[in-house]
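**Student:** Following this line is entry_7.csv, made up of CSV, C-alpha atoms and all ligand atoms:
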chain,number,residue,atom,x,y,z
A,1,MET,CA,9.4,15.9,2.3
A,2,PRO,CA,9.1,17.1,-1.2
A,3,ASN,CA,12.4,17.1,-3.2
A,4,TYR,CA,11.7,20.2,-5.3
A,5,LEU,CA,10.6,23.7,-4.7
A,6,ILE,CA,8.6,25.6,-7.4
A,7,VAL,CA,8.0,29.2,-6.5
A,8,ALA,CA,5.6,31.5,-8.3
A,9,ASN,CA,6.6,35.1,-8.2
A,10,TRP,CA,3.5,37.0,-9.3
A,11,LYS,CA,5.3,40.4,-9.0
A,12,GLU,CA,2.8,43.3,-9.2
A,13,ASN,CA,0.0,41.1,-10.7
A,14,PRO,CA,-2.9,40.6,-11.0
A,15,VAL,CA,-4.8,43.8,-10.3
A,16,THR,CA,-7.9,42.4,-8.8
A,17,GLN,CA,-8.7,40.1,-5.9
A,18,ARG,CA,-11.0,38.1,-8.1
A,19,GLU,CA,-8.3,37.3,-10.6
A,20,ALA,CA,-5.8,36.5,-7.8
A,21,ILE,CA,-8.2,34.0,-6.2
A,22,LYS,CA,-9.0,32.5,-9.7
A,23,ILE,CA,-5.4,31.8,-10.5
A,24,PHE,CA,-4.7,30.5,-7.0
A,25,ASP,CA,-7.6,28.1,-7.0
A,26,SER,CA,-6.8,26.7,-10.4
A,27,VAL,CA,-3.2,26.1,-9.4
A,28,LYS,CA,-4.4,24.5,-6.2
A,29,ARG,CA,-6.7,22.1,-8.0
A,30,GLY,CA,-4.0,21.3,-10.6
A,31,VAL,CA,-1.1,20.5,-8.3
A,32,LYS,CA,-3.1,18.8,-5.5
A,33,SER,CA,-1.9,15.2,-6.0
A,34,LEU,CA,1.8,16.0,-6.5
A,35,LYS,CA,3.9,14.9,-3.6
A,36,ASN,CA,7.4,15.5,-4.8
A,37,VAL,CA,7.1,19.3,-5.2
A,38,GLU,CA,6.4,22.0,-2.8
A,39,VAL,CA,4.6,24.8,-4.6
A,40,VAL,CA,4.9,28.3,-3.1
A,41,ILE,CA,2.8,31.2,-4.3
A,42,CYS,CA,4.2,34.7,-3.8
A,43,PRO,CA,1.5,37.2,-4.5
A,44,PRO,CA,1.5,40.9,-3.7
A,45,PHE,CA,1.1,41.5,0.1
A,46,VAL,CA,-2.6,42.5,-0.2
A,47,TYR,CA,-3.7,39.1,-1.4
A,48,LEU,CA,-1.8,37.1,1.2
A,49,PRO,CA,-4.7,36.8,3.7
A,50,LEU,CA,-7.1,35.8,0.9
A,51,LEU,CA,-5.4,32.7,-0.3
A,52,LYS,CA,-5.6,29.4,1.4
A,53,GLY,CA,-4.5,25.9,0.7
A,54,LEU,CA,-1.0,26.2,-0.8
A,55,THR,CA,2.2,27.4,0.8
A,56,LEU,CA,2.5,31.1,0.6
A,57,GLY,CA,5.5,33.4,0.3
A,58,ALA,CA,5.9,37.1,0.3
A,59,GLN,CA,7.8,39.1,-2.3
A,60,ASN,CA,9.5,41.3,0.2
A,61,VAL,CA,9.6,42.5,3.8
A,62,PHE,CA,11.0,45.3,5.9
A,63,TYR,CA,13.5,44.4,8.6
A,64,LYS,CA,12.0,46.2,11.5
A,65,GLU,CA,9.5,44.3,13.6
A,66,LYS,CA,7.1,47.2,14.2
A,67,GLY,CA,6.9,50.9,14.8
A,68,ALA,CA,7.1,54.2,12.9
A,69,PHE,CA,8.1,52.8,9.5
A,70,THR,CA,5.5,54.0,7.1
A,71,ALA,CA,4.8,51.5,4.3
A,72,GLY,CA,6.7,48.8,6.1
A,73,VAL,CA,5.4,45.2,6.3
A,74,SER,CA,7.2,43.3,9.1
A,75,PRO,CA,8.4,39.8,9.4
A,76,LEU,CA,6.2,39.4,12.5
A,77,MET,CA,3.1,40.3,10.4
A,78,LEU,CA,4.1,37.7,7.9
A,79,ARG,CA,4.7,35.1,10.5
A,80,ASP,CA,1.3,35.8,11.9
A,81,LEU,CA,-0.1,35.0,8.5
A,82,LYS,CA,1.9,31.7,8.5
A,83,ILE,CA,4.1,32.9,5.6
A,84,LYS,CA,6.9,30.3,5.2
A,85,TYR,CA,9.1,32.0,2.6
A,86,VAL,CA,10.1,35.6,1.6
A,87,ILE,CA,11.8,36.6,-1.6
A,88,VAL,CA,14.7,39.0,-0.9
A,89,GLY,CA,17.2,40.6,-3.2
A,90,HIS,CA,15.2,40.2,-6.4
A,91,SER,CA,16.8,42.3,-9.1
A,92,GLU,CA,13.5,44.3,-9.5
A,93,SER,CA,13.5,45.1,-5.8
A,94,ARG,CA,17.1,46.1,-6.0
A,95,LYS,CA,16.3,48.3,-9.0
A,96,TYR,CA,13.0,49.9,-8.1
A,97,PHE,CA,13.1,49.8,-4.3
A,98,ASN,CA,16.8,50.5,-3.8
A,99,GLU,CA,17.3,47.2,-2.0
A,100,THR,CA,21.1,47.0,-1.3
A,101,ASN,CA,23.1,44.0,-0.1
A,102,LYS,CA,23.3,45.6,3.3
A,103,VAL,CA,19.5,45.9,3.6
A,104,ILE,CA,19.0,42.4,2.2
A,105,ASN,CA,21.4,41.2,4.9
A,106,LYS,CA,19.3,42.8,7.7
A,107,LYS,CA,16.1,41.2,6.2
A,108,ILE,CA,17.7,37.8,6.0
A,109,LYS,CA,18.8,37.9,9.6
A,110,GLU,CA,15.4,39.0,10.8
A,111,LEU,CA,13.6,36.4,8.8
A,112,LEU,CA,15.9,33.6,9.9
A,113,TRP,CA,15.4,34.6,13.5
A,114,LEU,CA,11.7,34.1,13.1
A,115,LYS,CA,12.1,30.8,11.2
A,116,ILE,CA,10.9,32.2,7.9
A,117,LYS,CA,13.0,31.1,4.9
A,118,PRO,CA,14.5,33.8,2.7
A,119,ILE,CA,14.6,33.1,-1.0
A,120,LEU,CA,17.7,35.0,-1.8
A,121,CYS,CA,18.1,36.0,-5.4
A,122,VAL,CA,21.5,36.7,-6.9
A,123,GLY,CA,22.6,37.2,-10.5
A,124,GLU,CA,24.6,39.3,-12.9
A,125,THR,CA,23.4,42.0,-15.4
A,126,ILE,CA,24.2,41.7,-19.1
A,127,GLU,CA,27.0,44.3,-18.8
A,128,GLU,CA,28.5,42.3,-15.9
A,129,LYS,CA,28.3,39.1,-17.9
A,130,LYS,CA,29.9,40.7,-21.0
A,131,SER,CA,32.7,42.2,-19.0
A,132,ASP,CA,33.4,38.8,-17.5
A,133,ARG,CA,32.5,39.9,-14.0
A,134,LYS,CA,29.8,37.3,-13.2
A,135,LEU,CA,31.7,35.4,-10.5
A,136,GLU,CA,32.9,38.6,-8.8
A,137,VAL,CA,29.3,39.9,-8.7
A,138,LEU,CA,27.9,36.6,-7.4
A,139,GLU,CA,30.6,36.5,-4.7
A,140,LYS,CA,30.0,40.0,-3.6
A,141,GLN,CA,26.2,39.6,-3.5
A,142,ILE,CA,26.4,36.3,-1.5
A,143,LYS,CA,29.1,37.5,0.9
A,144,GLU,CA,27.5,40.8,1.7
A,145,THR,CA,23.9,39.5,2.0
A,146,LEU,CA,25.0,36.6,4.2
A,147,GLU,CA,27.3,38.6,6.5
A,148,CYS,CA,27.1,37.4,10.1
A,149,VAL,CA,24.6,34.6,9.2
A,150,SER,CA,25.8,31.6,11.1
A,151,GLU,CA,26.4,28.2,9.7
A,152,ASN,CA,23.4,26.9,11.4
A,153,GLN,CA,21.1,29.7,10.3
A,154,VAL,CA,22.3,29.6,6.7
A,155,LYS,CA,20.7,26.2,6.3
A,156,GLY,CA,17.4,28.0,6.2
A,157,VAL,CA,18.3,30.1,3.2
A,158,ILE,CA,17.2,29.2,-0.3
A,159,LEU,CA,19.5,30.6,-3.0
A,160,THR,CA,18.2,31.5,-6.4
A,161,TYR,CA,20.5,32.1,-9.4
A,162,GLU,CA,18.6,34.6,-11.5
A,163,PRO,CA,20.7,36.3,-14.2
A,164,VAL,CA,19.1,39.7,-14.6
A,165,TRP,CA,19.3,39.4,-18.4
A,166,ALA,CA,17.2,36.3,-18.3
A,167,ILE,CA,14.3,37.7,-16.3
A,168,GLY,CA,11.2,38.4,-18.3
A,169,THR,CA,13.1,38.4,-21.6
A,170,GLY,CA,12.4,34.9,-23.0
A,171,ASN,CA,16.1,34.6,-23.1
A,172,ASN,CA,16.5,31.8,-20.5
A,173,CYS,CA,20.0,30.9,-19.3
A,174,SER,CA,21.5,27.8,-21.0
A,175,LEU,CA,21.7,24.6,-19.0
A,176,LYS,CA,25.4,24.6,-19.2
A,177,GLU,CA,25.8,28.1,-18.0
A,178,THR,CA,23.2,27.5,-15.2
A,179,LYS,CA,25.1,24.4,-14.1
A,180,ASP,CA,28.4,26.3,-14.0
A,181,SER,CA,26.9,29.2,-12.1
A,182,VAL,CA,25.3,26.8,-9.6
A,183,LEU,CA,28.7,25.2,-9.1
A,184,ALA,CA,30.3,28.6,-8.7
A,185,ILE,CA,27.7,29.5,-6.1
A,186,ARG,CA,28.4,26.3,-4.1
A,187,LYS,CA,32.1,27.1,-4.2
A,188,ILE,CA,31.5,30.6,-2.8
A,189,ILE,CA,29.3,29.0,0.0
A,190,SER,CA,31.9,26.5,0.7
A,191,LYS,CA,34.5,29.2,1.1
A,192,LEU,CA,32.2,31.2,3.4
A,193,TYR,CA,31.0,28.2,5.4
A,194,ASN,CA,32.1,24.7,4.5
A,195,GLY,CA,31.7,21.9,1.9
A,196,GLU,CA,28.9,20.3,3.7
A,197,VAL,CA,26.8,23.4,3.9
A,198,ALA,CA,27.5,24.2,0.3
A,199,LYS,CA,26.5,20.7,-0.8
A,200,ASN,CA,23.3,20.8,1.0
A,201,MET,CA,22.3,24.3,0.1
A,202,LYS,CA,19.0,24.4,-1.9
A,203,ILE,CA,19.7,26.3,-5.1
A,204,LEU,CA,16.9,27.3,-7.6
A,205,TYR,CA,17.1,28.8,-11.0
A,206,GLY,CA,14.9,31.7,-12.2
A,207,GLY,CA,14.6,33.6,-15.5
A,208,SER,CA,12.2,33.0,-18.3
A,209,VAL,CA,11.2,29.5,-17.1
A,210,ASP,CA,8.3,27.9,-19.0
A,211,SER,CA,6.9,24.4,-19.3
A,212,GLN,CA,9.2,23.7,-22.2
A,213,ASN,CA,12.4,24.3,-20.4
A,214,SER,CA,11.5,23.6,-16.7
A,215,ALA,CA,12.2,19.9,-16.5
A,216,SER,CA,15.7,20.2,-18.0
A,217,TYR,CA,16.9,22.6,-15.4
A,218,ILE,CA,16.1,20.1,-12.7
A,219,LYS,CA,17.5,17.1,-14.6
A,220,GLU,CA,20.6,18.7,-16.1
A,221,ALA,CA,21.5,21.9,-14.4
A,222,GLY,CA,21.7,20.7,-10.8
A,223,VAL,CA,19.0,22.9,-9.3
A,224,LYS,CA,16.5,21.8,-6.8
A,225,GLY,CA,13.7,24.1,-8.0
A,226,LEU,CA,12.6,27.1,-10.0
A,227,LEU,CA,11.5,30.6,-9.4
A,228,VAL,CA,8.8,31.4,-12.0
A,229,GLY,CA,7.6,34.9,-12.9
A,230,GLY,CA,5.6,35.6,-16.0
A,231,ALA,CA,4.6,31.9,-16.6
A,232,SER,CA,3.2,31.6,-13.0
A,233,LEU,CA,0.3,34.0,-13.8
A,234,ASN,CA,-1.1,31.5,-16.3
A,235,ALA,CA,-2.5,28.7,-14.2
A,236,GLU,CA,-2.5,26.1,-16.9
A,237,GLU,CA,1.1,26.8,-17.9
A,238,PHE,CA,2.3,27.0,-14.3
A,239,ILE,CA,0.6,23.6,-13.5
A,240,LYS,CA,2.5,22.1,-16.5
A,241,ILE,CA,5.8,23.5,-15.1
A,242,VAL,CA,5.1,21.9,-11.7
A,243,LYS,CA,4.1,18.6,-13.2
A,244,SER,CA,7.2,18.5,-15.4
A,245,VAL,CA,9.3,18.6,-12.3
A,246,GLY,CA,7.2,16.4,-10.0
A,301,LIG,P1,10.3,35.5,-15.4
A,301,LIG,O1,10.7,36.1,-13.9
A,301,LIG,O2,10.0,34.0,-15.1
A,301,LIG,O3,9.2,36.3,-15.9
A,301,LIG,O4,11.6,35.7,-16.2
A,301,LIG,C1,11.4,35.4,-13.0
A,301,LIG,C2,11.5,36.3,-11.8
A,301,LIG,O5,11.7,37.5,-11.9
A,301,LIG,O6,11.5,35.8,-10.6
Taking this structure as input, can you express it in the form of structure tokens?

**Tutor:**
Amino acid sequence: MPNYLIVANWKENPVTQREAIKIFDSVKRGVKSLKNVEVVICPPFVYLPLLKGLTLGAQNVFYKEKGAFTAGVSPLMLRDLKIKYVIVGHSESRKYFNETNKVINKKIKELLWLKIKPILCVGETIEEKKSDRKLEVLEKQIKETLECVSENQVKGVILTYEPVWAIGTGNNCSLKETKDSVLAIRKIISKLYNGEVAKNMKILYGGSVDSQNSASYIKEAGVKGLLVGGASLNAEEFIKIVKSVG
């Protein structure tokens, strides 16, 4: 079992199948021999069936299994494609697709039911940070998105601390602040469930990760992996990130 999880979030990139396959194949070659890291590529939905040979994740899902839900992509469809992970609650999905804690909660329950692992993103905005509301925000996000998720089910959830102000800005969160936030998240989980669940929960960090800062998050901030956006579109840089951890 690999110890660490490195997730590539390609977002709405690249714009051709050719480029998608090119990045994917380069990454695949570059990380082949690494045993201590599970690499998960989360491309846009349309590329999922084209990419083979690394673990795949989706960037979102709708919570209904099938039916008259125009534009929906269902967890059953993802399961059929052998998708192992799905990102939910990303701040960009919250912002541009109106994903609320309530909707995220429905998605998480559906995914867990089908044994697909949700990668749940939580994090505060710069305004919330400045007004000293980070902990309150994290607690609300975690509590509401995990509502009615049982102790047994929650073991399938991967939590990602992604401060909104650190995403795509080059302004990555300091190691000390990441460490404190991860501890705070474990405390929240321990209140909602128990100490054992909190201790074992896999927590990742995301926000302007690159090959210069990646290793220190793992070594010094107490995270078990990383969610990488911009830097994951450059195969060479992404391979460096994976190697720095593994
Ligand atoms: P970034 O994005 O690495 O480009 O900051 C991370 C994310 O949004 O998941």

**Student:** Would you give me, as CSV, each residue of chain A having an atom within 10 Å of an atom of ligand LIG 301 (chain A), along with its shortest atom pair and that distance in Å to one decimal, using only C-alpha atoms and all ligand atoms and sorting by chain and residue number?

**Tutor:**
residue,atom,partner,partner_atom,distance
A:Val7,CA,A:LIG301,O6,8.5
A:Ala8,CA,A:LIG301,O6,7.7
A:Asn9,CA,A:LIG301,O6,5.5
A:Trp10,CA,A:LIG301,O6,8.2
A:Lys11,CA,A:LIG301,O5,7.6
A:Gln59,CA,A:LIG301,O6,9.7
A:Ile87,CA,A:LIG301,O6,9.0
A:His90,CA,A:LIG301,O5,7.1
A:Ser91,CA,A:LIG301,O5,7.5
A:Glu92,CA,A:LIG301,O5,7.4
A:Ser93,CA,A:LIG301,O5,9.9
A:Cys121,CA,A:LIG301,O6,8.4
A:Thr160,CA,A:LIG301,O6,9.0
A:Tyr161,CA,A:LIG301,O6,9.8
A:Glu162,CA,A:LIG301,O6,7.3
A:Pro163,CA,A:LIG301,O4,9.3
A:Val164,CA,A:LIG301,O5,8.2
A:Trp165,CA,A:LIG301,O4,8.8
A:Ala166,CA,A:LIG301,O4,6.0
A:Ile167,CA,A:LIG301,O4,3.4
A:Gly168,CA,A:LIG301,O4,3.4
A:Thr169,CA,A:LIG301,O4,6.2
A:Gly170,CA,A:LIG301,O4,6.9
A:Asn171,CA,A:LIG301,O4,8.3
A:Asn172,CA,A:LIG301,O4,7.6
A:Tyr205,CA,A:LIG301,C1,8.9
A:Gly206,CA,A:LIG301,C1,5.2
A:Gly207,CA,A:LIG301,O4,3.7
A:Ser208,CA,A:LIG301,O4,3.5
A:Val209,CA,A:LIG301,O2,5.1
A:Asp210,CA,A:LIG301,O2,7.4
A:Leu226,CA,A:LIG301,O6,8.8
A:Leu227,CA,A:LIG301,O6,5.3
A:Val228,CA,A:LIG301,O2,4.2
A:Gly229,CA,A:LIG301,O2,3.4
A:Gly230,CA,A:LIG301,O3,3.7
A:Ala231,CA,A:LIG301,O2,6.0
A:Ser232,CA,A:LIG301,O2,7.5
A:Leu233,CA,A:LIG301,O3,9.4

**Student:** Save the residues we just selected, C-alpha atoms, as a compact mmCIF listing (two decimals), in the coordinates of the input?

**Tutor:**
# COMPACT_ATOMS: atom_id res chain seq x y z
CA VAL A 7 8.00 29.20 -6.50
CA ALA A 8 5.60 31.50 -8.30
CA ASN A 9 6.60 35.10 -8.20
CA TRP A 10 3.50 37.00 -9.30
CA LYS A 11 5.30 40.40 -9.00
CA GLN A 59 7.80 39.10 -2.30
CA ILE A 87 11.80 36.60 -1.60
CA HIS A 90 15.20 40.20 -6.40
CA SER A 91 16.80 42.30 -9.10
CA GLU A 92 13.50 44.30 -9.50
CA SER A 93 13.50 45.10 -5.80
CA CYS A 121 18.10 36.00 -5.40
CA THR A 160 18.20 31.50 -6.40
CA TYR A 161 20.50 32.10 -9.40
CA GLU A 162 18.60 34.60 -11.50
CA PRO A 163 20.70 36.30 -14.20
CA VAL A 164 19.10 39.70 -14.60
CA TRP A 165 19.30 39.40 -18.40
CA ALA A 166 17.20 36.30 -18.30
CA ILE A 167 14.30 37.70 -16.30
CA GLY A 168 11.20 38.40 -18.30
CA THR A 169 13.10 38.40 -21.60
CA GLY A 170 12.40 34.90 -23.00
CA ASN A 171 16.10 34.60 -23.10
CA ASN A 172 16.50 31.80 -20.50
CA TYR A 205 17.10 28.80 -11.00
CA GLY A 206 14.90 31.70 -12.20
CA GLY A 207 14.60 33.60 -15.50
CA SER A 208 12.20 33.00 -18.30
CA VAL A 209 11.20 29.50 -17.10
CA ASP A 210 8.30 27.90 -19.00
CA LEU A 226 12.60 27.10 -10.00
CA LEU A 227 11.50 30.60 -9.40
CA VAL A 228 8.80 31.40 -12.00
CA GLY A 229 7.60 34.90 -12.90
CA GLY A 230 5.60 35.60 -16.00
CA ALA A 231 4.60 31.90 -16.60
CA SER A 232 3.20 31.60 -13.00
CA LEU A 233 0.30 34.00 -13.80

**Student:** Quote the spacing between CA of Ala58 in chain A and CA of Val88 in chain A in Å to one decimal place.

**Tutor:**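 Distance reported for this atom pair: 9.1 Å.
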
**Student:** Would you pick out the contacts of Gln17 in chain A at 9 Å or less, using only C-alpha atoms, so that residues sharing its chain but fewer than 4 positions from it are not included, and give the list as a PyMOL selection string?

**Tutor:** chain A and resi 21-22+46-47+50

**Student:** Can you list, as a PDB file with C-alpha atoms, in the frame of the given file, every protein, DNA or RNA residue that comes within 6 Å of range 136-146 of chain A when you count only C-alpha atoms, leaving out same-chain residues fewer than 3 positions away?

**Tutor:**
ATOM      1  CA  ASN A 101      23.100  44.000  -0.100  1.00  0.00           C
ATOM      2  CA  ILE A 104      19.000  42.400   2.200  1.00  0.00           C
ATOM      3  CA  ASN A 105      21.400  41.200   4.900  1.00  0.00           C
ATOM      4  CA  ARG A 133      32.500  39.900 -14.000  1.00  0.00           C
ATOM      5  CA  VAL A 149      24.600  34.600   9.200  1.00  0.00           C
TER       6      VAL A 149
END

**Student:** Given the choices A:Asn200, A:Thr55, A:Pro43, A:Lys191, which gets closest to Val31 in chain A if the distance is worked out from all atoms listed in the file?

**Tutor:**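 Closest to Val31 in chain A of all the choices is A:Thr55.
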
**Student:** By how many Å are CA of Ile6 in chain A and CA of Leu111 in chain A apart?

**Tutor:**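 Answer for the CA of Ile6 in chain A to CA of Leu111 in chain A separation: 20.1 Å.
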
**Student:** Identify, on the basis of all atoms listed in the file, every residue whose closest approach to range 183-186 of chain A does not exceed 10 Å; exclude the query and any residue fewer than 6 positions from it along the same chain; express the result as a list in words.

**Tutor:**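 Residues meeting the cut-off are Val122, Lys134, Leu135, Leu138, Glu139, Ile142, Leu159, Thr160, Tyr161, Glu177, Leu192, Asn194, Gly195, Glu196, Val197, Ala198, Lys199, Asn200, Met201, Lys202, Ile203, Ala221, Gly222 and Val223 of chain A.
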
**Student:** Distance CA of Leu78 in chain A-CA of Gly57 in chain A, one decimal place?

**Tutor:**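 Computing it gives 8.8 Å between the two atoms.
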
**Student:** Would you list the contacts of Leu112 in chain A as a short mmCIF file (atom, residue, chain, number, x, y, z; two decimals) with C-alpha atoms, in the frame of the given file, taking every protein, DNA or RNA residue within 10 Å and counting all atoms listed in the file, but skipping same-chain residues closer than 4 positions in sequence?

**Tutor:**
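Saved the output as around23.cif:
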data_model
loop_
_atom_site.label_atom_id
_atom_site.label_comp_id
_atom_site.auth_asym_id
_atom_site.auth_seq_id
_atom_site.Cartn_x
_atom_site.Cartn_y
_atom_site.Cartn_z
CA PRO A 75 8.40 39.80 9.40
CA LYS A 107 16.10 41.20 6.20
CA ILE A 108 17.70 37.80 6.00
CA ILE A 116 10.90 32.20 7.90
CA LYS A 117 13.00 31.10 4.90
CA PRO A 118 14.50 33.80 2.70
CA VAL A 149 24.60 34.60 9.20
CA GLN A 153 21.10 29.70 10.30
CA VAL A 154 22.30 29.60 6.70
CA LYS A 155 20.70 26.20 6.30
CA GLY A 156 17.40 28.00 6.20
CA VAL A 157 18.30 30.10 3.20
#

**Student:** May I ask which of the residues A:Ala235, A:Met77, A:Ile189, A:Val182 is the closest one to Glu147 in chain A, counting only C-alpha atoms?

**Tutor:**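 Looking only at the distances to Glu147 in chain A, the closest residue turns out to be A:Ile189.
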
**Student:** Please identify all polymer residues within 8 Å of Ile241 in chain A, counting only C-alpha atoms, omitting same-chain residues fewer than 2 positions from it, and present them as a list in words.

**Tutor:**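 Using only C-alpha atoms, the neighbours found are Asp210, Ser211, Gln212, Ser214, Ala215, Glu237, Phe238, Ile239, Lys243, Ser244 and Val245 of chain A.
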
**Student:** Name the closest residue to Val242 in chain A among the candidates A:Asn13, A:Lys35, A:Gly67, A:Arg79; distances are taken between atoms, counting all atoms listed in the file.

**Tutor:**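 Checking each of A:Asn13, A:Lys35, A:Gly67, A:Arg79 against Val242 in chain A, counting all atoms listed in the file, the winner is A:Lys35.
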
**Student:** Which residue out of A:Asn60, A:Leu120, A:Tyr217, A:Val15 has the minimum interatomic distance to Gly72 in chain A when all atoms listed in the file are used?

**Tutor:**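 Closest candidate: A:Asn60.
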
**Student:** Mind rebuilding range 172-179 of chain A with all heavy atoms and writing that out as an mmCIF file, keeping the file's coordinate frame?

**Tutor:**
data_model
loop_
_atom_site.group_PDB
_atom_site.id
_atom_site.type_symbol
_atom_site.label_atom_id
_atom_site.label_comp_id
_atom_site.auth_asym_id
_atom_site.auth_seq_id
_atom_site.Cartn_x
_atom_site.Cartn_y
_atom_site.Cartn_z
ATOM 1 N N ASN A 172 16.148 32.581 -21.667
ATOM 2 C CA ASN A 172 16.500 31.800 -20.500
ATOM 3 C C ASN A 172 17.999 31.383 -20.541
ATOM 4 O O ASN A 172 18.537 31.174 -21.618
ATOM 5 C CB ASN A 172 15.609 30.627 -20.265
ATOM 6 C CG ASN A 172 15.632 29.667 -21.416
ATOM 7 O OD1 ASN A 172 15.382 30.043 -22.544
ATOM 8 N ND2 ASN A 172 15.981 28.426 -21.144
ATOM 9 N N CYS A 173 18.583 31.251 -19.374
ATOM 10 C CA CYS A 173 20.000 30.900 -19.300
ATOM 11 C C CYS A 173 20.199 29.444 -19.781
ATOM 12 O O CYS A 173 19.393 28.566 -19.459
ATOM 13 C CB CYS A 173 20.440 31.013 -17.834
ATOM 14 S SG CYS A 173 22.202 30.860 -17.583
ATOM 15 N N SER A 174 21.260 29.197 -20.523
ATOM 16 C CA SER A 174 21.500 27.800 -21.000
ATOM 17 C C SER A 174 21.726 26.882 -19.837
ATOM 18 O O SER A 174 22.136 27.305 -18.754
ATOM 19 C CB SER A 174 22.683 27.798 -21.960
ATOM 20 O OG SER A 174 23.866 27.947 -21.200
ATOM 21 N N LEU A 175 21.491 25.607 -20.083
ATOM 22 C CA LEU A 175 21.700 24.600 -19.000
ATOM 23 C C LEU A 175 23.108 24.583 -18.545
ATOM 24 O O LEU A 175 23.412 24.510 -17.358
ATOM 25 C CB LEU A 175 21.226 23.243 -19.484
ATOM 26 C CG LEU A 175 19.745 23.140 -19.865
ATOM 27 C CD1 LEU A 175 19.440 21.775 -20.441
ATOM 28 C CD2 LEU A 175 18.858 23.416 -18.658
ATOM 29 N N LYS A 176 24.024 24.665 -19.522
ATOM 30 C CA LYS A 176 25.400 24.600 -19.200
ATOM 31 C C LYS A 176 25.849 25.778 -18.317
ATOM 32 O O LYS A 176 26.525 25.617 -17.301
ATOM 33 C CB LYS A 176 26.229 24.563 -20.528
ATOM 34 C CG LYS A 176 27.665 24.968 -20.460
ATOM 35 C CD LYS A 176 28.558 23.736 -20.330
ATOM 36 C CE LYS A 176 30.027 24.035 -20.395
ATOM 37 N NZ LYS A 176 30.600 24.735 -19.279
ATOM 38 N N GLU A 177 25.384 26.960 -18.719
ATOM 39 C CA GLU A 177 25.800 28.100 -18.000
ATOM 40 C C GLU A 177 25.115 28.137 -16.562
ATOM 41 O O GLU A 177 25.725 28.555 -15.573
ATOM 42 C CB GLU A 177 25.335 29.405 -18.719
ATOM 43 C CG GLU A 177 26.041 30.628 -18.208
ATOM 44 C CD GLU A 177 25.734 31.878 -19.003
ATOM 45 O OE1 GLU A 177 25.305 31.770 -20.176
ATOM 46 O OE2 GLU A 177 25.912 32.958 -18.437
ATOM 47 N N THR A 178 23.887 27.632 -16.497
ATOM 48 C CA THR A 178 23.200 27.500 -15.200
ATOM 49 C C THR A 178 24.003 26.586 -14.290
ATOM 50 O O THR A 178 24.291 26.881 -13.132
ATOM 51 C CB THR A 178 21.766 27.037 -15.356
ATOM 52 O OG1 THR A 178 21.108 27.884 -16.295
ATOM 53 C CG2 THR A 178 21.027 27.060 -14.035
ATOM 54 N N LYS A 179 24.358 25.451 -14.865
ATOM 55 C CA LYS A 179 25.100 24.400 -14.100
ATOM 56 C C LYS A 179 26.417 25.023 -13.578
ATOM 57 O O LYS A 179 26.763 24.852 -12.399
ATOM 58 C CB LYS A 179 25.367 23.238 -15.009
ATOM 59 C CG LYS A 179 25.782 22.021 -14.271
ATOM 60 C CD LYS A 179 25.867 20.850 -15.225
ATOM 61 C CE LYS A 179 26.391 19.648 -14.475
ATOM 62 N NZ LYS A 179 26.460 18.478 -15.305
#
